[in-house]
>>> print(open('target-v8.csv').read())   # CSV, C-alpha atoms
chain,number,residue,atom,x,y,z
A,1,MET,CA,63.6,124.4,109.4
A,2,ALA,CA,64.1,122.7,106.1
A,3,LEU,CA,67.8,122.1,106.8
A,4,CYS,CA,67.0,120.6,110.3
A,5,THR,CA,64.3,118.5,108.8
A,6,CYS,CA,66.7,117.2,106.2
A,7,MET,CA,69.2,116.4,108.9
A,8,HIS,CA,66.7,114.2,110.6
A,9,PHE,CA,66.0,112.3,107.4
A,10,VAL,CA,69.7,111.8,106.6
A,11,SER,CA,70.5,110.9,110.2
A,12,SER,CA,67.8,108.3,110.1
A,13,ALA,CA,69.0,107.0,106.8
A,14,ALA,CA,72.6,106.7,108.1
A,15,SER,CA,71.5,104.9,111.3
A,16,HIS,CA,68.7,102.6,110.2
A,17,THR,CA,68.9,101.8,106.5
A,18,THR,CA,70.8,98.8,105.2
A,19,ASN,CA,70.4,99.2,101.5
A,20,ARG,CA,71.0,101.9,98.9
A,21,THR,CA,67.3,102.0,97.8
A,22,ASP,CA,66.3,103.3,101.2
A,23,LYS,CA,69.1,105.9,101.1
A,24,PHE,CA,67.8,107.2,97.7
A,25,ARG,CA,64.3,107.5,99.2
A,26,HIS,CA,65.6,109.5,102.2
A,27,ALA,CA,67.7,111.7,99.9
A,28,ALA,CA,64.6,112.4,97.8
A,29,LYS,CA,62.7,113.5,100.9
A,30,CYS,CA,65.5,116.0,101.6
A,31,VAL,CA,65.0,117.5,98.2
A,32,ILE,CA,61.2,117.7,98.5
A,33,VAL,CA,61.4,119.4,101.9
A,34,CYS,CA,63.8,122.0,100.8
A,35,GLN,CA,61.8,122.9,97.7
A,36,GLU,CA,58.7,124.0,99.6
A,37,PRO,CA,57.8,127.6,98.6
A,38,SER,CA,58.2,130.4,101.0
A,39,GLN,CA,56.2,133.7,101.1
A,40,ASP,CA,59.2,135.7,102.2
A,41,ALA,CA,61.7,136.6,99.4
A,42,SER,CA,64.7,136.4,101.8
A,43,LEU,CA,63.6,133.0,103.0
A,44,ASN,CA,63.3,131.9,99.3
A,45,VAL,CA,67.0,132.9,98.8
A,46,ARG,CA,68.1,130.8,101.8
A,47,ALA,CA,65.8,128.0,100.9
A,48,SER,CA,67.3,128.1,97.4
A,49,ARG,CA,70.8,127.8,98.7
A,50,ARG,CA,69.9,125.0,101.0
A,51,GLY,CA,67.9,123.3,98.3
A,52,PHE,CA,71.0,123.4,96.0
A,53,ILE,CA,73.1,121.8,98.7
A,54,LEU,CA,70.6,119.1,99.5
A,55,ARG,CA,69.7,118.3,96.0
A,56,SER,CA,73.4,117.7,95.6
A,57,CYS,CA,73.0,114.9,98.2
A,58,ASN,CA,71.1,112.8,95.6
A,59,LEU,CA,73.9,113.4,93.0
A,60,ALA,CA,76.5,112.6,95.6
A,61,VAL,CA,74.9,109.3,96.3
A,62,LEU,CA,74.7,108.5,92.6
A,63,ALA,CA,78.4,109.4,92.1
A,64,ASP,CA,79.5,107.4,95.1
A,65,THR,CA,78.0,104.1,93.8
A,66,ALA,CA,81.3,103.6,92.0
A,67,LEU,CA,82.7,102.4,95.2
A,68,ASN,CA,79.3,101.4,96.7
A,69,GLN,CA,80.7,102.1,100.2
A,70,SER,CA,79.9,105.5,101.8
A,71,ASP,CA,76.8,105.8,104.0
A,72,ALA,CA,74.4,108.7,103.8
A,73,ARG,CA,75.8,110.5,106.8
A,74,THR,CA,79.3,110.5,105.3
A,75,ILE,CA,78.1,111.8,102.0
A,76,VAL,CA,76.1,114.7,103.5
A,77,ASN,CA,78.9,115.7,105.8
A,78,SER,CA,81.3,116.0,102.8
A,79,LEU,CA,78.8,118.4,101.2
A,80,LEU,CA,78.1,120.4,104.3
A,81,GLY,CA,81.9,120.6,105.0
A,82,ALA,CA,82.4,122.1,101.5
A,83,TYR,CA,79.9,124.9,102.4
A,84,GLY,CA,81.3,125.5,105.8
A,85,LEU,CA,78.1,124.4,107.5
A,86,PRO,CA,77.7,122.4,110.8
A,87,GLN,CA,77.9,118.7,110.3
A,88,LEU,CA,76.6,115.5,111.8
A,89,LYS,CA,78.8,113.4,114.0
A,90,GLY,CA,81.1,111.4,111.7
A,91,THR,CA,80.7,107.6,111.4
A,92,PRO,CA,83.5,106.0,113.5
A,93,GLY,CA,85.7,103.0,112.6
A,94,PHE,CA,87.1,101.7,109.3
A,95,ARG,CA,85.4,100.4,106.2
A,96,VAL,CA,86.8,97.4,104.3
A,97,LEU,CA,87.1,97.8,100.5
A,98,ASP,CA,87.0,94.3,99.3
A,99,ASP,CA,85.6,94.4,95.7
A,100,PRO,CA,86.1,91.2,93.7
A,101,GLU,CA,86.5,93.3,90.6
A,102,LYS,CA,89.6,95.1,92.1
A,103,ASP,CA,93.0,93.5,92.4
A,104,TYR,CA,93.6,94.9,95.9
A,105,VAL,CA,91.9,95.2,99.3
A,106,LEU,CA,92.3,97.9,102.0
A,107,GLU,CA,90.7,99.7,104.9
A,108,TYR,CA,89.9,103.4,105.2
A,109,PRO,CA,88.0,105.5,107.7
A,110,LYS,CA,84.2,105.3,107.4
A,111,SER,CA,83.9,109.1,107.5
A,112,TRP,CA,85.9,109.5,104.3
A,113,VAL,CA,84.2,109.7,100.9
A,114,GLY,CA,85.6,107.6,98.0
A,115,ARG,CA,85.4,107.6,94.2
A,116,ALA,CA,87.0,105.6,91.4
A,117,ASN,CA,89.7,107.3,89.3
A,118,ARG,CA,88.7,108.7,85.9
A,119,GLN,CA,90.1,107.1,82.8
A,120,ARG,CA,92.6,105.0,84.8
A,121,GLN,CA,92.7,102.3,87.4
A,122,GLY,CA,92.7,103.0,91.1
A,123,LEU,CA,90.7,105.3,93.4
A,124,SER,CA,90.7,108.3,95.6
A,125,VAL,CA,89.2,108.6,99.1
A,126,SER,CA,89.2,111.9,101.1
A,127,ASP,CA,88.2,113.5,104.3
A,128,TYR,CA,86.8,116.8,103.0
A,129,ASN,CA,87.1,118.4,106.5
A,130,SER,CA,90.8,117.9,107.1
A,131,SER,CA,92.1,117.2,103.6
A,132,ASP,CA,93.4,113.8,104.7
A,133,LYS,CA,93.3,111.5,101.7
A,134,LEU,CA,94.1,108.1,100.3
A,135,VAL,CA,94.9,107.3,96.7
A,136,VAL,CA,95.5,104.0,94.9
A,137,GLU,CA,97.4,104.1,91.6
A,138,VAL,CA,98.1,101.4,89.1
A,139,PHE,CA,100.7,101.8,86.4
A,140,PRO,CA,103.3,99.8,84.4
A,141,LYS,CA,106.5,98.8,86.2
A,142,PRO,CA,109.5,100.9,85.0
A,143,GLU,CA,112.2,99.0,83.2
A,144,GLU,CA,114.9,100.4,85.5
A,145,GLU,CA,114.6,99.3,89.1
A,146,SER,CA,116.1,102.6,90.3
A,147,GLN,CA,113.1,104.4,88.7
A,148,LEU,CA,110.5,102.5,90.8
A,149,VAL,CA,110.5,104.8,93.9
A,150,PRO,CA,110.5,108.0,91.9
A,151,ASP,CA,107.6,106.8,89.8
A,152,ILE,CA,105.6,105.8,92.9
A,153,LEU,CA,106.2,109.2,94.5
A,154,GLN,CA,105.2,111.0,91.3
A,155,HIS,CA,101.9,109.1,91.0
A,156,LEU,CA,101.0,109.5,94.6
A,157,ILE,CA,101.9,113.2,95.0
A,158,SER,CA,100.2,114.2,91.7
A,159,PRO,CA,97.6,111.5,90.9
A,160,GLY,CA,96.8,111.6,87.2
A,161,GLN,CA,99.2,114.5,86.8
A,162,GLU,CA,96.6,116.8,88.3
A,163,VAL,CA,99.0,119.6,89.3
A,164,GLY,CA,98.8,122.1,86.5
A,165,GLY,CA,98.4,125.8,85.7
A,166,ASP,CA,100.9,127.9,87.7
A,167,SER,CA,101.1,125.4,90.5
A,168,ARG,CA,104.5,123.9,91.2
A,169,LEU,CA,105.1,120.5,92.7
A,170,VAL,CA,108.3,119.9,94.7
A,171,ILE,CA,109.4,116.3,94.6
A,172,PRO,CA,111.3,115.3,97.8
A,173,SER,CA,115.0,114.6,97.6
A,174,ASN,CA,116.3,111.1,98.2
A,175,LYS,CA,117.5,112.0,101.7
A,176,ASN,CA,113.9,112.7,102.8
A,177,VAL,CA,112.5,109.4,101.5
A,178,VAL,CA,112.6,106.4,103.8
A,179,THR,CA,112.0,102.9,102.4
A,180,ALA,CA,111.7,99.4,103.8
A,181,SER,CA,110.7,96.1,102.2
A,182,GLU,CA,108.7,93.3,103.8
A,183,ASP,CA,107.6,89.9,102.4
A,184,ILE,CA,104.0,89.1,103.2
A,185,GLY,CA,102.3,86.0,101.9
A,186,GLY,CA,105.0,85.4,99.3
A,187,GLN,CA,104.7,89.0,97.9
A,188,THR,CA,107.2,91.8,98.5
A,189,TYR,CA,105.8,95.1,99.7
A,190,LEU,CA,107.8,98.3,99.6
A,191,TYR,CA,106.9,100.7,102.3
A,192,ILE,CA,107.7,104.4,101.8
A,193,ARG,CA,107.5,107.5,104.0
A,194,PHE,CA,108.2,110.9,102.5
A,195,PRO,CA,107.1,114.6,102.5
A,196,SER,CA,105.8,116.7,99.6
A,197,GLU,CA,105.4,120.4,98.9
A,198,THR,CA,103.2,122.2,96.4
A,199,ILE,CA,103.2,125.9,95.7
A,200,THR,CA,99.7,126.7,94.5
A,201,ARG,CA,99.0,129.2,91.7
A,202,SER,CA,97.9,131.6,94.5
A,203,GLY,CA,101.3,131.3,96.1
A,204,TYR,CA,100.3,129.2,99.1
A,205,GLN,CA,102.7,126.6,100.2
A,206,VAL,CA,101.0,123.2,101.0
A,207,LYS,CA,103.2,120.6,102.8
A,208,ARG,CA,102.0,117.0,103.4
A,209,LYS,CA,103.3,113.9,105.1
A,210,HIS,CA,102.9,110.7,103.1
A,211,TYR,CA,102.8,107.0,104.0
A,212,ALA,CA,102.8,104.6,101.1
A,213,VAL,CA,103.1,101.0,100.1
A,214,ALA,CA,103.6,99.4,96.7
A,215,ALA,CA,103.8,95.9,95.2
A,216,ALA,CA,104.9,95.0,91.7
A,217,ILE,CA,103.2,91.9,90.2
A,218,LYS,CA,103.6,90.7,86.6
A,219,GLY,CA,104.9,94.0,85.3
A,220,THR,CA,102.3,96.2,87.1
A,221,VAL,CA,102.8,98.4,90.1
A,222,TYR,CA,100.0,98.7,92.6
A,223,CYS,CA,100.6,101.5,95.1
A,224,CYS,CA,98.6,102.9,98.0
A,225,GLY,CA,99.3,106.2,99.6
A,226,ALA,CA,97.7,108.0,102.6
A,227,SER,CA,98.6,111.6,103.5
A,228,ALA,CA,97.8,114.5,105.8
A,229,ARG,CA,98.7,118.2,105.8
A,230,SER,CA,101.9,118.7,107.8
A,231,ASP,CA,100.3,121.5,110.0
A,232,GLN,CA,97.6,119.0,111.1
A,233,TYR,CA,99.9,116.0,111.6
A,234,ASP,CA,100.1,114.5,115.1
A,235,LYS,CA,100.3,111.0,116.7
A,236,ALA,CA,96.7,110.3,115.9
A,237,LYS,CA,97.3,111.1,112.2
A,238,GLU,CA,100.4,108.9,112.2
A,239,GLN,CA,98.4,105.9,113.5
A,240,LEU,CA,95.6,106.6,111.1
A,241,LEU,CA,97.8,106.8,108.0
A,242,SER,CA,99.8,103.7,109.1
A,243,HIS,CA,96.6,101.7,109.6
A,244,VAL,CA,95.4,102.5,106.1
A,245,VAL,CA,98.7,101.7,104.4
A,246,GLU,CA,99.3,98.5,106.4
A,247,SER,CA,95.9,97.2,105.4
A,248,PHE,CA,96.7,97.3,101.7
A,249,ARG,CA,97.1,93.9,100.0
A,250,VAL,CA,97.2,92.9,96.4
A,251,ARG,CA,95.4,89.8,95.3
A,252,SER,CA,97.3,86.9,93.8
A,253,LEU,CA,97.1,87.3,90.0
>>> encode(input="target-v8.csv", output="structure tokens")
Amino acid sequence: MALCTCMHFVSSAASHTTNRTDKFRHAAKCVIVCQEPSQDASLNVRASRRGFILRSCNLAVLADTALNQSDARTIVNSLLGAYGLPQLKGTPGFRVLDDPEKDYVLEYPKSWVGRANRQRQGLSVSDYNSSDKLVVEVFPKPEEESQLVPDILQHLISPGQEVGGDSRLVIPSNKNVVTASEDIGGQTYLYIRFPSETITRSGYQVKRKHYAVAAAIKGTVYCCGASARSDQYDKAKEQLLSHVVESFRVRSL
């Protein structure tokens, strides 16, 4: 009952609130409901687990303020998905990220959850149900022009050099990388399509399809990449990834 009650509050917050203060208030109600004591020990165990998940809602809202974008429904769905629990219907459509403090603008699905990168520029936005994701990376332009595409691939496949331990990252060969340039608003954008493969430390082979775009301005490369697992890739995914990448624009510096 506590979980159902919380879903009512979160659904209400996602549908009817227009400011973050209201979302905090609804998240707080979730925590209060799930902390009600139970007389039955087994119920206490379940309530404790639910309470942990729903208390995390409040933390997720706080963490998400870095982008100040995701709604309460999206945040809660990401948490429920992580625990394999039933979710609310995802928020449809795209969200525009147009922050004056960032040097770029883009669009991504409203049902995805975003956060700023740690200790470096850029961001990461993910769908925790399907593993679809978007990353923006910012790094110095290499001195050799021939090194530009390899550097872009390395940053997008392994943001912040996150592949470690016994995991093994397989960079695609040149024959599997498709590039095309386009001038938009006086700026040259390099569009790239490529596959990637990672062998996890557990021995699993994870293949992904990537769509990317990059622009080099005043010695700095701004690149945006959207990707999906190969075993989930279809026409709808192709349209989704294309939309995200094609929406990316770098502001005039």
>>> closest_residue(input="target-v8.csv", among="A:Ala215, A:Ser158, A:Lys110, A:His243", to="Ser181 in chain A", atoms="all atoms listed in the file")
A:Ala215
>>> closest_residue(input="target-v8.csv", among="A:Tyr128, A:Tyr233, A:Tyr222, A:Phe94", to="Thr188 in chain A", atoms="all atoms listed in the file")
A:Tyr222
>>> residues_around(input="target-v8.csv", residues="range 139-149 of chain A", least_positions_apart="5", cutoff="7 Å", atoms="only C-alpha atoms", output="MDAnalysis selection string")
chainID A and resid 216 219:222
>>> atom_distance(input="target-v8.csv", atom1="CA of Arg229 in chain A", atom2="CA of Gln205 in chain A")
10.9 Å
>>> closest_residue(input="target-v8.csv", among="A:Leu153, A:Leu134, A:Ile192, A:Val178", to="Val113 in chain A", atoms="only C-alpha atoms")
A:Leu134
>>> atom_distance(input="target-v8.csv", atom1="CA of Ala226 in chain A", atom2="CA of Val245 in chain A")
6.6 Å
>>> residues_around(input="target-v8.csv", residues="Val138 in chain A", least_positions_apart="3", cutoff="12 Å", atoms="all atoms listed in the file", output="MDAnalysis selection string")
chainID A and resid 102:104 117 119:123 135 141 151:152 155:156 159:160 214:217 219:225 250
>>> atom_distance(input="target-v8.csv", atom1="CA of Val213 in chain A", atom2="CA of Lys175 in chain A")
18.2 Å
>>> residues_near_point(input="target-v8.csv", point="(104.4, 117.3, 97.5)", cutoff="8 Å", atoms="all atoms listed in the file", output="ChimeraX atom specification")
/A:157-158,169-172,195-198,206-208
